[in-house]
$ cat data_32.pdb   # PDB, C-alpha atoms
MODEL        1
ATOM      1  CA  MET A1272      -8.628  -0.275  45.006
ATOM      2  CA  ALA A1273      -8.681  -0.252  41.220
ATOM      3  CA  ASP A1274      -6.476  -2.717  39.392
ATOM      4  CA  ALA A1275      -3.223  -1.671  37.774
ATOM      5  CA  THR A1276      -3.087  -1.206  34.018
ATOM      6  CA  THR A1277      -0.549  -3.462  32.329
ATOM      7  CA  ILE A1278       1.280  -2.271  29.220
ATOM      8  CA  LEU A1279       3.315  -4.680  27.098
ATOM      9  CA  PHE A1280       5.822  -2.871  24.889
ATOM     10  CA  ILE A1281       7.553  -4.788  22.083
ATOM     11  CA  GLY A1282      11.033  -3.569  21.108
ATOM     12  CA  ASP A1283      11.718  -2.630  17.467
ATOM     13  CA  VAL A1284      10.221  -5.372  15.286
ATOM     14  CA  MET A1285      12.838  -6.211  12.658
ATOM     15  CA  GLY A1286      11.513  -7.565   9.373
ATOM     16  CA  LYS A1287       9.927 -10.942   8.832
ATOM     17  CA  PRO A1288      11.934 -12.657  11.620
ATOM     18  CA  GLY A1289      10.627 -10.068  14.089
ATOM     19  CA  ARG A1290       7.046 -10.523  12.927
ATOM     20  CA  ARG A1291       7.480 -14.280  13.255
ATOM     21  CA  ALA A1292       8.656 -13.771  16.848
ATOM     22  CA  VAL A1293       5.578 -11.686  17.611
ATOM     23  CA  LYS A1294       3.305 -14.305  16.083
ATOM     24  CA  LYS A1295       4.920 -17.136  18.017
ATOM     25  CA  LEU A1296       5.478 -15.594  21.453
ATOM     26  CA  LEU A1297       2.922 -12.829  21.895
ATOM     27  CA  PRO A1298       0.024 -15.211  22.692
ATOM     28  CA  GLU A1299       2.081 -16.876  25.449
ATOM     29  CA  LEU A1300       3.236 -13.546  26.861
ATOM     30  CA  MET A1301      -0.330 -12.266  26.851
ATOM     31  CA  ASP A1302      -1.378 -15.314  28.874
ATOM     32  CA  ILE A1303       1.442 -14.679  31.361
ATOM     33  CA  HIS A1304       1.177 -10.896  31.748
ATOM     34  CA  CYS A1305      -2.473 -10.226  30.761
ATOM     35  CA  PRO A1306      -1.705  -6.820  29.223
ATOM     36  CA  ASP A1307      -4.457  -4.264  28.830
ATOM     37  CA  VAL A1308      -2.671  -2.779  25.817
ATOM     38  CA  VAL A1309       0.132  -3.953  23.530
ATOM     39  CA  VAL A1310       2.374  -1.351  21.891
ATOM     40  CA  ALA A1311       5.090  -2.232  19.365
ATOM     41  CA  ASN A1312       7.691  -0.166  17.578
ATOM     42  CA  GLY A1313       7.245  -1.210  13.953
ATOM     43  CA  GLU A1314       9.404   1.212  11.974
ATOM     44  CA  ASN A1315      11.637  -1.626  10.692
ATOM     45  CA  ALA A1316       8.934  -4.273  10.399
ATOM     46  CA  ALA A1317       8.886  -4.335   6.578
ATOM     47  CA  GLY A1318      12.143  -5.760   5.282
ATOM     48  CA  GLY A1319      14.147  -4.046   8.016
ATOM     49  CA  PHE A1320      13.434  -0.519   6.779
ATOM     50  CA  GLY A1321      10.056   1.141   7.166
ATOM     51  CA  ILE A1322       6.558  -0.280   7.390
ATOM     52  CA  THR A1323       3.847  -0.936   4.802
ATOM     53  CA  PRO A1324       0.076  -0.865   5.263
ATOM     54  CA  GLY A1325       0.014  -4.660   4.955
ATOM     55  CA  VAL A1326       2.686  -5.186   7.608
ATOM     56  CA  TYR A1327       0.971  -2.715   9.941
ATOM     57  CA  GLU A1328      -2.317  -4.585   9.556
ATOM     58  CA  GLU A1329      -0.497  -7.879  10.138
ATOM     59  CA  LEU A1330       0.837  -6.583  13.461
ATOM     60  CA  LEU A1331      -2.694  -5.577  14.496
ATOM     61  CA  SER A1332      -3.974  -9.030  13.557
ATOM     62  CA  LEU A1333      -1.306 -10.583  15.822
ATOM     63  CA  GLY A1334      -2.586  -8.678  18.862
ATOM     64  CA  VAL A1335      -0.724  -5.351  18.749
ATOM     65  CA  ASP A1336      -2.967  -2.397  19.615
ATOM     66  CA  VAL A1337      -0.744   0.605  18.782
ATOM     67  CA  VAL A1338       2.309   0.747  16.492
ATOM     68  CA  THR A1339       4.964   3.419  17.043
ATOM     69  CA  SER A1340       7.839   4.263  14.727
ATOM     70  CA  GLY A1341      10.817   6.583  14.269
ATOM     71  CA  ASN A1342      13.200   7.941  11.673
ATOM     72  CA  HIS A1343      12.503   5.094   9.213
ATOM     73  CA  ILE A1344       8.747   5.704   9.086
ATOM     74  CA  TRP A1345       8.889   7.129   5.543
ATOM     75  CA  ASP A1346      11.177   4.459   4.035
ATOM     76  CA  LYS A1347       8.234   2.752   2.318
ATOM     77  CA  ARG A1348       6.516   5.388   0.221
ATOM     78  CA  GLU A1349       3.100   3.716   0.327
ATOM     79  CA  ILE A1350       2.761   4.564   4.023
ATOM     80  CA  GLU A1351       2.527   8.293   3.273
ATOM     81  CA  ASP A1352      -1.016   8.105   1.880
ATOM     82  CA  TYR A1353      -2.085   5.506   4.439
ATOM     83  CA  ILE A1354      -0.922   6.807   7.798
ATOM     84  CA  GLY A1355      -3.381   9.683   7.941
ATOM     85  CA  GLY A1356      -6.300   7.252   7.954
ATOM     86  CA  THR A1357      -5.456   5.548  11.243
ATOM     87  CA  ASP A1358      -4.747   6.744  14.770
ATOM     88  CA  ARG A1359      -3.074   3.473  15.761
ATOM     89  CA  LEU A1360       0.061   3.908  13.628
ATOM     90  CA  LEU A1361       2.146   6.809  14.939
ATOM     91  CA  ARG A1362       5.036   8.779  13.506
ATOM     92  CA  PRO A1363       7.177  10.989  15.755
ATOM     93  CA  ALA A1364       5.085  13.918  16.963
ATOM     94  CA  ASN A1365       7.992  16.312  16.472
ATOM     95  CA  TYR A1366       8.014  15.965  12.688
ATOM     96  CA  PRO A1367       6.711  19.111  10.976
ATOM     97  CA  LYS A1368       2.936  19.507  11.229
ATOM     98  CA  GLU A1369       2.762  19.244   7.425
ATOM     99  CA  ALA A1370       3.870  15.586   7.618
ATOM    100  CA  PRO A1371       1.000  13.107   7.304
ATOM    101  CA  GLY A1372      -0.265  11.169  10.287
ATOM    102  CA  GLY A1373      -0.079  11.942  13.974
ATOM    103  CA  GLY A1374       2.300  11.420  16.842
ATOM    104  CA  MET A1375      -0.029  10.570  19.708
ATOM    105  CA  THR A1376      -3.204   8.647  20.389
ATOM    106  CA  VAL A1377      -5.469   7.472  23.193
ATOM    107  CA  PHE A1378      -6.320   3.771  23.250
ATOM    108  CA  GLU A1379      -9.292   2.638  25.312
ATOM    109  CA  CYS A1380      -8.675  -0.763  26.887
ATOM    110  CA  ARG A1381     -11.397  -3.371  27.381
ATOM    111  CA  SER A1382     -11.328  -2.431  31.072
ATOM    112  CA  GLY A1383     -12.368   1.090  30.134
ATOM    113  CA  VAL A1384      -8.996   2.580  31.106
ATOM    114  CA  LYS A1385      -7.600   5.002  28.549
ATOM    115  CA  VAL A1386      -3.890   4.777  27.707
ATOM    116  CA  GLY A1387      -2.181   7.700  25.988
ATOM    117  CA  VAL A1388       0.735   6.908  23.684
ATOM    118  CA  VAL A1389       3.216   9.513  22.430
ATOM    119  CA  ASN A1390       5.914   8.874  19.811
ATOM    120  CA  LEU A1391       8.922  11.218  19.719
ATOM    121  CA  SER A1392      12.275  11.257  17.953
ATOM    122  CA  GLY A1393      15.539  12.425  19.443
ATOM    123  CA  ARG A1394      17.835  14.957  17.747
ATOM    124  CA  VAL A1395      21.327  13.997  18.960
ATOM    125  CA  PHE A1396      23.083  12.182  16.055
ATOM    126  CA  MET A1397      19.723  12.197  14.234
ATOM    127  CA  ALA A1398      17.739  14.544  12.014
ATOM    128  CA  HIS A1399      17.261  17.983  13.541
ATOM    129  CA  ILE A1400      13.490  18.073  13.644
ATOM    130  CA  ASP A1401      11.496  19.931  16.302
ATOM    131  CA  CYS A1402      12.530  19.692  19.959
ATOM    132  CA  PRO A1403      11.171  16.491  21.561
ATOM    133  CA  PHE A1404      11.083  18.177  24.968
ATOM    134  CA  THR A1405       8.938  21.072  23.743
ATOM    135  CA  VAL A1406       6.659  19.005  21.526
ATOM    136  CA  GLY A1407       6.469  16.281  24.145
ATOM    137  CA  SER A1408       5.406  18.759  26.802
ATOM    138  CA  ARG A1409       2.497  19.986  24.677
ATOM    139  CA  ALA A1410       1.433  16.452  23.751
ATOM    140  CA  ILE A1411       1.597  15.204  27.345
ATOM    141  CA  GLU A1412      -0.399  18.190  28.583
ATOM    142  CA  ARG A1413      -3.168  17.408  26.094
ATOM    143  CA  LEU A1414      -3.186  13.697  26.925
ATOM    144  CA  ARG A1415      -3.336  14.349  30.665
ATOM    145  CA  GLU A1416      -6.697  16.023  30.078
ATOM    146  CA  GLU A1417      -8.001  12.558  29.120
ATOM    147  CA  THR A1418      -5.918  10.112  31.143
ATOM    148  CA  PRO A1419      -3.046   9.929  33.637
ATOM    149  CA  VAL A1420      -1.776   6.694  32.022
ATOM    150  CA  ILE A1421       0.700   7.808  29.358
ATOM    151  CA  LEU A1422       3.517   5.927  27.602
ATOM    152  CA  VAL A1423       6.213   7.689  25.576
ATOM    153  CA  ASP A1424       8.242   5.894  22.904
ATOM    154  CA  MET A1425      11.403   8.015  22.846
ATOM    155  CA  HIS A1426      13.114   6.957  19.622
ATOM    156  CA  ALA A1427      16.653   8.265  19.951
ATOM    157  CA  GLU A1428      20.304   7.429  19.429
ATOM    158  CA  ALA A1429      21.871   9.051  22.479
ATOM    159  CA  THR A1430      21.501   7.457  25.888
ATOM    160  CA  SER A1431      21.848  10.877  27.501
ATOM    161  CA  GLU A1432      18.946  12.336  25.522
ATOM    162  CA  LYS A1433      16.592   9.511  26.476
ATOM    163  CA  ASN A1434      17.717   9.630  30.107
ATOM    164  CA  ALA A1435      17.315  13.413  30.270
ATOM    165  CA  PHE A1436      13.849  13.211  28.726
ATOM    166  CA  ALA A1437      12.720  10.684  31.323
ATOM    167  CA  CYS A1438      14.082  12.792  34.171
ATOM    168  CA  HIS A1439      12.400  15.916  32.814
ATOM    169  CA  PHE A1440       8.992  14.237  32.605
ATOM    170  CA  ASP A1441       9.289  12.061  35.721
ATOM    171  CA  GLY A1442       5.905  11.993  37.408
ATOM    172  CA  LEU A1443       4.086  13.422  34.393
ATOM    173  CA  VAL A1444       4.023  10.214  32.335
ATOM    174  CA  SER A1445       3.743   6.575  33.309
ATOM    175  CA  ALA A1446       6.642   5.311  31.206
ATOM    176  CA  VAL A1447       9.417   6.510  28.924
ATOM    177  CA  ILE A1448      10.555   3.601  26.759
ATOM    178  CA  GLY A1449      13.653   4.113  24.649
ATOM    179  CA  THR A1450      13.887   2.614  21.170
ATOM    180  CA  HIS A1451      16.078   2.850  18.034
ATOM    181  CA  THR A1452      19.434   1.250  18.928
ATOM    182  CA  HIS A1453      18.157  -2.366  18.737
ATOM    183  CA  VAL A1454      20.292  -3.230  21.784
ATOM    184  CA  GLN A1455      18.359  -3.917  24.975
ATOM    185  CA  THR A1456      19.719  -2.118  28.038
ATOM    186  CA  ALA A1457      19.646  -3.398  31.624
ATOM    187  CA  ASP A1458      18.748  -0.120  33.338
ATOM    188  CA  GLU A1459      15.000  -0.576  33.744
ATOM    189  CA  ARG A1460      13.699   1.186  36.842
ATOM    190  CA  VAL A1461      10.936   3.342  38.262
ATOM    191  CA  LEU A1462      12.158   6.909  38.723
ATOM    192  CA  PRO A1463      11.553   8.782  42.017
ATOM    193  CA  LEU A1464       8.310  10.475  40.957
ATOM    194  CA  GLY A1465       6.756   7.379  39.409
ATOM    195  CA  THR A1466       7.842   7.108  35.762
ATOM    196  CA  ALA A1467       9.064   3.724  34.510
ATOM    197  CA  TYR A1468      12.159   4.008  32.329
ATOM    198  CA  ILE A1469      14.480   1.927  30.169
ATOM    199  CA  THR A1470      17.054   3.372  27.785
ATOM    200  CA  ASP A1471      16.256   0.831  25.081
ATOM    201  CA  ALA A1472      13.631  -1.904  25.004
ATOM    202  CA  GLY A1473      15.719  -3.833  22.485
ATOM    203  CA  MET A1474      14.892  -5.533  19.217
ATOM    204  CA  THR A1475      12.403  -8.240  18.381
ATOM    205  CA  GLY A1476      14.314  -9.916  15.601
ATOM    206  CA  PRO A1477      17.579 -11.682  14.725
ATOM    207  CA  THR A1478      20.341 -11.128  17.286
ATOM    208  CA  ASP A1479      22.987 -13.081  15.320
ATOM    209  CA  SER A1480      23.509  -9.936  13.306
ATOM    210  CA  VAL A1481      24.630  -6.326  13.444
ATOM    211  CA  ILE A1482      21.505  -4.729  14.962
ATOM    212  CA  GLY A1483      19.339  -6.987  12.823
ATOM    213  CA  ILE A1484      21.307  -6.770   9.560
ATOM    214  CA  GLU A1485      23.339  -9.612   8.044
ATOM    215  CA  LYS A1486      26.832  -9.360   9.498
ATOM    216  CA  GLU A1487      28.724  -9.678   6.210
ATOM    217  CA  ALA A1488      27.071  -6.627   4.641
ATOM    218  CA  ALA A1489      27.479  -4.517   7.754
ATOM    219  CA  LEU A1490      31.142  -5.485   8.075
ATOM    220  CA  LYS A1491      31.774  -4.626   4.424
ATOM    221  CA  ARG A1492      30.428  -1.126   5.022
ATOM    222  CA  PHE A1493      32.571  -0.633   8.137
ATOM    223  CA  LEU A1494      35.772  -2.117   6.687
ATOM    224  CA  THR A1495      35.673  -0.605   3.203
ATOM    225  CA  GLN A1496      33.288   2.375   3.465
ATOM    226  CA  MET A1497      31.779   1.060   0.231
ATOM    227  CA  PRO A1498      28.036   0.717  -0.387
ATOM    228  CA  ALA A1499      26.542  -2.625   0.630
ATOM    229  CA  ARG A1500      23.038  -3.970   0.262
ATOM    230  CA  PHE A1501      21.600  -4.523   3.731
ATOM    231  CA  GLU A1502      19.374  -7.549   4.279
ATOM    232  CA  VAL A1503      17.645  -8.650   7.466
ATOM    233  CA  ALA A1504      19.513 -11.491   9.184
ATOM    234  CA  THR A1505      17.736 -14.672  10.222
ATOM    235  CA  GLY A1506      19.649 -16.224  13.121
ATOM    236  CA  GLY A1507      19.197 -16.019  16.878
ATOM    237  CA  VAL A1508      15.713 -14.526  16.808
ATOM    238  CA  GLU A1509      14.483 -13.096  20.102
ATOM    239  CA  PHE A1510      11.400 -11.328  21.417
ATOM    240  CA  GLN A1511      12.509  -8.316  23.455
ATOM    241  CA  GLY A1512      10.529  -5.635  25.251
ATOM    242  CA  VAL A1513       9.155  -4.613  28.625
ATOM    243  CA  VAL A1514       6.040  -4.959  30.758
ATOM    244  CA  VAL A1515       4.979  -1.926  32.790
ATOM    245  CA  LYS A1516       2.325  -1.921  35.506
ATOM    246  CA  VAL A1517       0.657   1.428  36.138
ATOM    247  CA  GLY A1518      -1.587   2.440  39.017
ATOM    248  CA  PRO A1519      -4.875   4.362  38.595
ATOM    249  CA  ASP A1520      -3.000   7.608  39.352
ATOM    250  CA  GLY A1521      -0.744   7.074  36.342
ATOM    251  CA  LYS A1522       2.318   6.238  38.448
ATOM    252  CA  ALA A1523       4.325   3.187  37.436
ATOM    253  CA  GLU A1524       4.403   0.372  39.953
ATOM    254  CA  SER A1525       6.962  -1.806  38.155
ATOM    255  CA  ILE A1526       8.849  -2.407  34.935
ATOM    256  CA  GLU A1527      10.132  -5.796  33.814
ATOM    257  CA  ARG A1528      12.364  -6.618  30.859
ATOM    258  CA  ILE A1529      11.445  -9.395  28.431
ATOM    259  CA  LYS A1530      14.138 -11.252  26.503
ATOM    260  CA  ARG A1531      12.885 -14.528  25.072
ATOM    261  CA  PRO A1532      14.491 -16.666  22.334
ATOM    262  CA  VAL A1533      12.261 -17.961  19.572
ATOM    263  CA  GLY A1534      12.677 -21.689  19.213
TER     264      GLY A1534
ENDMDL
END
$ encode --input "data_32.pdb" --output "structure tokens"
Amino acid sequence: MADATTILFIGDVMGKPGRRAVKKLLPELMDIHCPDVVVANGENAAGGFGITPGVYEELLSLGVDVVTSGNHIWDKREIEDYIGGTDRLLRPANYPKEAPGGGMTVFECRSGVKVGVVNLSGRVFMAHIDCPFTVGSRAIERLREETPVILVDMHAEATSEKNAFACHFDGLVSAVIGTHTHVQTADERVLPLGTAYITDAGMTGPTDSVIGIEKEAALKRFLTQMPARFEVATGGVEFQGVVVKVGPDGKAESIERIKRPVG
């Protein structure tokens, strides 16, 4: 029997503290879990908003194989001219086709197994771009021509939208991993037809914060409704994410949450 493919997914990397957590803990976690592919959501990896070419390349140098994103992908303007030159940095596939870059890729592991990765953005309480269900269906159909091992980063605000997406594609993809809220949920499970699911993989970054932002600035915005300059917090840094094991048929065998403090 062929070995399972192990996917390590790193929850939203938040600024320099998040990158420091990846640098410090990823080698240890790779020794423990022996992942075939490492995927990280990096849309907040540069200063808490967006990603730059340099930060993307830093994440690759630390052992990340594919970087997904979300609604903050365009926050750093320099990424616009860069993203089209790589298939390992994804923007949501349901952005208009005129947007630079792509929303899916196939990564070939050292074992020879191919892993498809799809990045999608939700629409509930977010920008009304194309339907993630419709675009996702087309993307998954194309990827299944190459491999049954497929991971979806569903970057969305609403729990219901992520949950519904996973139910709709149960058995057609190996994993649906929710991102965006920066709060790790405790509902990881394998759905009846073999898709691993978690509503949100969490945040790799400072937890002594308001979803990664310094508390004082966030509180000022809530209490006064006045503009406040948001800075990435520094305290209580954690590495959060999940490990998914997938059989040769593309069905998930297990999903395990990771929540590790950075000393």
$ resolve_selection --input "data_32.pdb" --expression "the PyMOL selection byres ((chain A and resi 1441-1448) around 9)" --output "JSON list (two decimals) with C-alpha atoms, in the coordinates of the input"
[["chain", "number", "residue", "atom", "x", "y", "z"],
["A", 1280, "PHE", "CA", 5.82, -2.87, 24.89],
["A", 1411, "ILE", "CA", 1.60, 15.20, 27.34],
["A", 1412, "GLU", "CA", -0.40, 18.19, 28.58],
["A", 1415, "ARG", "CA", -3.34, 14.35, 30.66],
["A", 1419, "PRO", "CA", -3.05, 9.93, 33.64],
["A", 1420, "VAL", "CA", -1.78, 6.69, 32.02],
["A", 1421, "ILE", "CA", 0.70, 7.81, 29.36],
["A", 1422, "LEU", "CA", 3.52, 5.93, 27.60],
["A", 1423, "VAL", "CA", 6.21, 7.69, 25.58],
["A", 1424, "ASP", "CA", 8.24, 5.89, 22.90],
["A", 1425, "MET", "CA", 11.40, 8.02, 22.85],
["A", 1426, "HIS", "CA", 13.11, 6.96, 19.62],
["A", 1433, "LYS", "CA", 16.59, 9.51, 26.48],
["A", 1434, "ASN", "CA", 17.72, 9.63, 30.11],
["A", 1436, "PHE", "CA", 13.85, 13.21, 28.73],
["A", 1437, "ALA", "CA", 12.72, 10.68, 31.32],
["A", 1438, "CYS", "CA", 14.08, 12.79, 34.17],
["A", 1439, "HIS", "CA", 12.40, 15.92, 32.81],
["A", 1440, "PHE", "CA", 8.99, 14.24, 32.60],
["A", 1449, "GLY", "CA", 13.65, 4.11, 24.65],
["A", 1450, "THR", "CA", 13.89, 2.61, 21.17],
["A", 1461, "VAL", "CA", 10.94, 3.34, 38.26],
["A", 1462, "LEU", "CA", 12.16, 6.91, 38.72],
["A", 1463, "PRO", "CA", 11.55, 8.78, 42.02],
["A", 1464, "LEU", "CA", 8.31, 10.48, 40.96],
["A", 1465, "GLY", "CA", 6.76, 7.38, 39.41],
["A", 1466, "THR", "CA", 7.84, 7.11, 35.76],
["A", 1467, "ALA", "CA", 9.06, 3.72, 34.51],
["A", 1468, "TYR", "CA", 12.16, 4.01, 32.33],
["A", 1469, "ILE", "CA", 14.48, 1.93, 30.17],
["A", 1470, "THR", "CA", 17.05, 3.37, 27.78],
["A", 1471, "ASP", "CA", 16.26, 0.83, 25.08],
["A", 1472, "ALA", "CA", 13.63, -1.90, 25.00],
["A", 1513, "VAL", "CA", 9.15, -4.61, 28.62],
["A", 1515, "VAL", "CA", 4.98, -1.93, 32.79],
["A", 1516, "LYS", "CA", 2.33, -1.92, 35.51],
["A", 1517, "VAL", "CA", 0.66, 1.43, 36.14],
["A", 1518, "GLY", "CA", -1.59, 2.44, 39.02],
["A", 1521, "GLY", "CA", -0.74, 7.07, 36.34],
["A", 1522, "LYS", "CA", 2.32, 6.24, 38.45],
["A", 1523, "ALA", "CA", 4.32, 3.19, 37.44],
["A", 1526, "ILE", "CA", 8.85, -2.41, 34.94]]
$ closest_residue --input "data_32.pdb" --among "A:Gly1534, A:Gly1355, A:Gly1512, A:Gly1476" --to "A:Ala1316" --atoms "all atoms listed in the file"
A:Gly1476
$ resolve_selection --input "data_32.pdb" --expression "the PyMOL selection byres ((chain A and resi 1370) around 12)" --output "ChimeraX atom specification"
/A:1344-1345,1350-1352,1354-1355,1361-1369,1371-1374,1400
$ write_last_selection --input "data_32.pdb" --atoms "C-alpha atoms" --output "mmCIF file, in the coordinates of the input"
data_model
loop_
_atom_site.group_PDB
_atom_site.id
_atom_site.type_symbol
_atom_site.label_atom_id
_atom_site.label_comp_id
_atom_site.auth_asym_id
_atom_site.auth_seq_id
_atom_site.Cartn_x
_atom_site.Cartn_y
_atom_site.Cartn_z
ATOM 1 C CA ILE A 1344 8.747 5.704 9.086
ATOM 2 C CA TRP A 1345 8.889 7.129 5.543
ATOM 3 C CA ILE A 1350 2.761 4.564 4.023
ATOM 4 C CA GLU A 1351 2.527 8.293 3.273
ATOM 5 C CA ASP A 1352 -1.016 8.105 1.880
ATOM 6 C CA ILE A 1354 -0.922 6.807 7.798
ATOM 7 C CA GLY A 1355 -3.381 9.683 7.941
ATOM 8 C CA LEU A 1361 2.146 6.809 14.939
ATOM 9 C CA ARG A 1362 5.036 8.779 13.506
ATOM 10 C CA PRO A 1363 7.177 10.989 15.755
ATOM 11 C CA ALA A 1364 5.085 13.918 16.963
ATOM 12 C CA ASN A 1365 7.992 16.312 16.472
ATOM 13 C CA TYR A 1366 8.014 15.965 12.688
ATOM 14 C CA PRO A 1367 6.711 19.111 10.976
ATOM 15 C CA LYS A 1368 2.936 19.507 11.229
ATOM 16 C CA GLU A 1369 2.762 19.244 7.425
ATOM 17 C CA PRO A 1371 1.000 13.107 7.304
ATOM 18 C CA GLY A 1372 -0.265 11.169 10.287
ATOM 19 C CA GLY A 1373 -0.079 11.942 13.974
ATOM 20 C CA GLY A 1374 2.300 11.420 16.842
ATOM 21 C CA ILE A 1400 13.490 18.073 13.644
#
$ resolve_selection --input "data_32.pdb" --expression "the PyMOL selection byres ((chain A and resi 1485) around 7)" --output "list in words"
Ser1480, Val1481, Gly1483, Ile1484, Lys1486, Glu1487, Ala1488, Ala1489, Phe1501, Glu1502, Val1503 and Ala1504 of chain A
$ closest_atom_pairs --input "data_32.pdb" --of "stretch 1295-1319 of chain A" --to "stretch 1507-1511 of chain A" --cutoff "12 Å" --atoms "only C-alpha atoms" --output "Markdown table"
| residue | atom | partner | partner_atom | distance |
| --- | --- | --- | --- | --- |
| A:Lys1295 | CA | A:Phe1510 | CA | 9.3 |
| A:Leu1296 | CA | A:Phe1510 | CA | 7.3 |
| A:Leu1297 | CA | A:Phe1510 | CA | 8.6 |
| A:Glu1299 | CA | A:Phe1510 | CA | 11.6 |
| A:Leu1300 | CA | A:Phe1510 | CA | 10.1 |
| A:Ala1311 | CA | A:Gln1511 | CA | 10.4 |
| A:Asn1312 | CA | A:Gln1511 | CA | 11.1 |
$ atom_distance --input "data_32.pdb" --atom1 "atom CA of A:Thr1376" --atom2 "atom CA of A:Ala1317"
22.5 Å
$ atom_distance --input "data_32.pdb" --atom1 "atom CA of A:His1451" --atom2 "atom CA of A:Cys1305"
26.0 Å
$ atom_distance --input "data_32.pdb" --atom1 "atom CA of A:Ile1278" --atom2 "atom CA of A:Asp1307"
6.1 Å
$ decode --input "data_32.pdb" --residues "stretch 1478-1495 of chain A" --atoms "N, CA and C atoms" --output "compact mmCIF listing (two decimals), in the first residue's frame"
# COMPACT_ATOMS: atom_id res chain seq x y z
N THR A 1478 -0.61 36.46 19.67
CA THR A 1478 -1.96 36.25 20.19
C THR A 1478 -2.35 37.25 21.27
N ASP A 1479 -1.37 37.92 21.89
CA ASP A 1479 -1.68 38.98 22.86
C ASP A 1479 -1.98 40.24 22.06
N SER A 1480 -3.16 40.25 21.46
CA SER A 1480 -3.47 41.25 20.44
C SER A 1480 -4.95 41.18 20.11
N VAL A 1481 -5.38 41.98 19.17
CA VAL A 1481 -6.69 41.83 18.55
C VAL A 1481 -6.44 41.32 17.14
N ILE A 1482 -6.58 40.04 16.96
CA ILE A 1482 -6.27 39.29 15.73
C ILE A 1482 -4.94 39.72 15.10
N GLY A 1483 -3.94 39.91 15.96
CA GLY A 1483 -2.60 40.20 15.49
C GLY A 1483 -2.20 41.66 15.56
N ILE A 1484 -3.15 42.55 15.80
CA ILE A 1484 -2.91 43.99 15.85
C ILE A 1484 -2.77 44.44 17.31
N GLU A 1485 -1.92 45.46 17.53
CA GLU A 1485 -1.78 46.00 18.88
C GLU A 1485 -3.15 46.37 19.45
N LYS A 1486 -3.39 45.96 20.68
CA LYS A 1486 -4.71 46.11 21.28
C LYS A 1486 -5.15 47.57 21.38
N GLU A 1487 -4.23 48.46 21.74
CA GLU A 1487 -4.60 49.85 21.97
C GLU A 1487 -5.20 50.49 20.72
N ALA A 1488 -4.57 50.23 19.56
CA ALA A 1488 -5.07 50.82 18.32
C ALA A 1488 -6.42 50.24 17.93
N ALA A 1489 -6.55 48.93 18.09
CA ALA A 1489 -7.83 48.30 17.76
C ALA A 1489 -8.94 48.80 18.67
N LEU A 1490 -8.65 48.94 19.96
CA LEU A 1490 -9.66 49.43 20.89
C LEU A 1490 -10.06 50.86 20.59
N LYS A 1491 -9.08 51.69 20.19
CA LYS A 1491 -9.40 53.07 19.83
C LYS A 1491 -10.39 53.11 18.68
N ARG A 1492 -10.20 52.25 17.68
CA ARG A 1492 -11.11 52.23 16.55
C ARG A 1492 -12.52 51.81 17.00
N PHE A 1493 -12.59 50.76 17.84
CA PHE A 1493 -13.90 50.29 18.28
C PHE A 1493 -14.61 51.31 19.19
N LEU A 1494 -13.86 51.94 20.09
CA LEU A 1494 -14.48 52.81 21.09
C LEU A 1494 -14.82 54.19 20.56
N THR A 1495 -14.05 54.68 19.60
CA THR A 1495 -14.25 56.05 19.12
C THR A 1495 -14.69 56.14 17.67
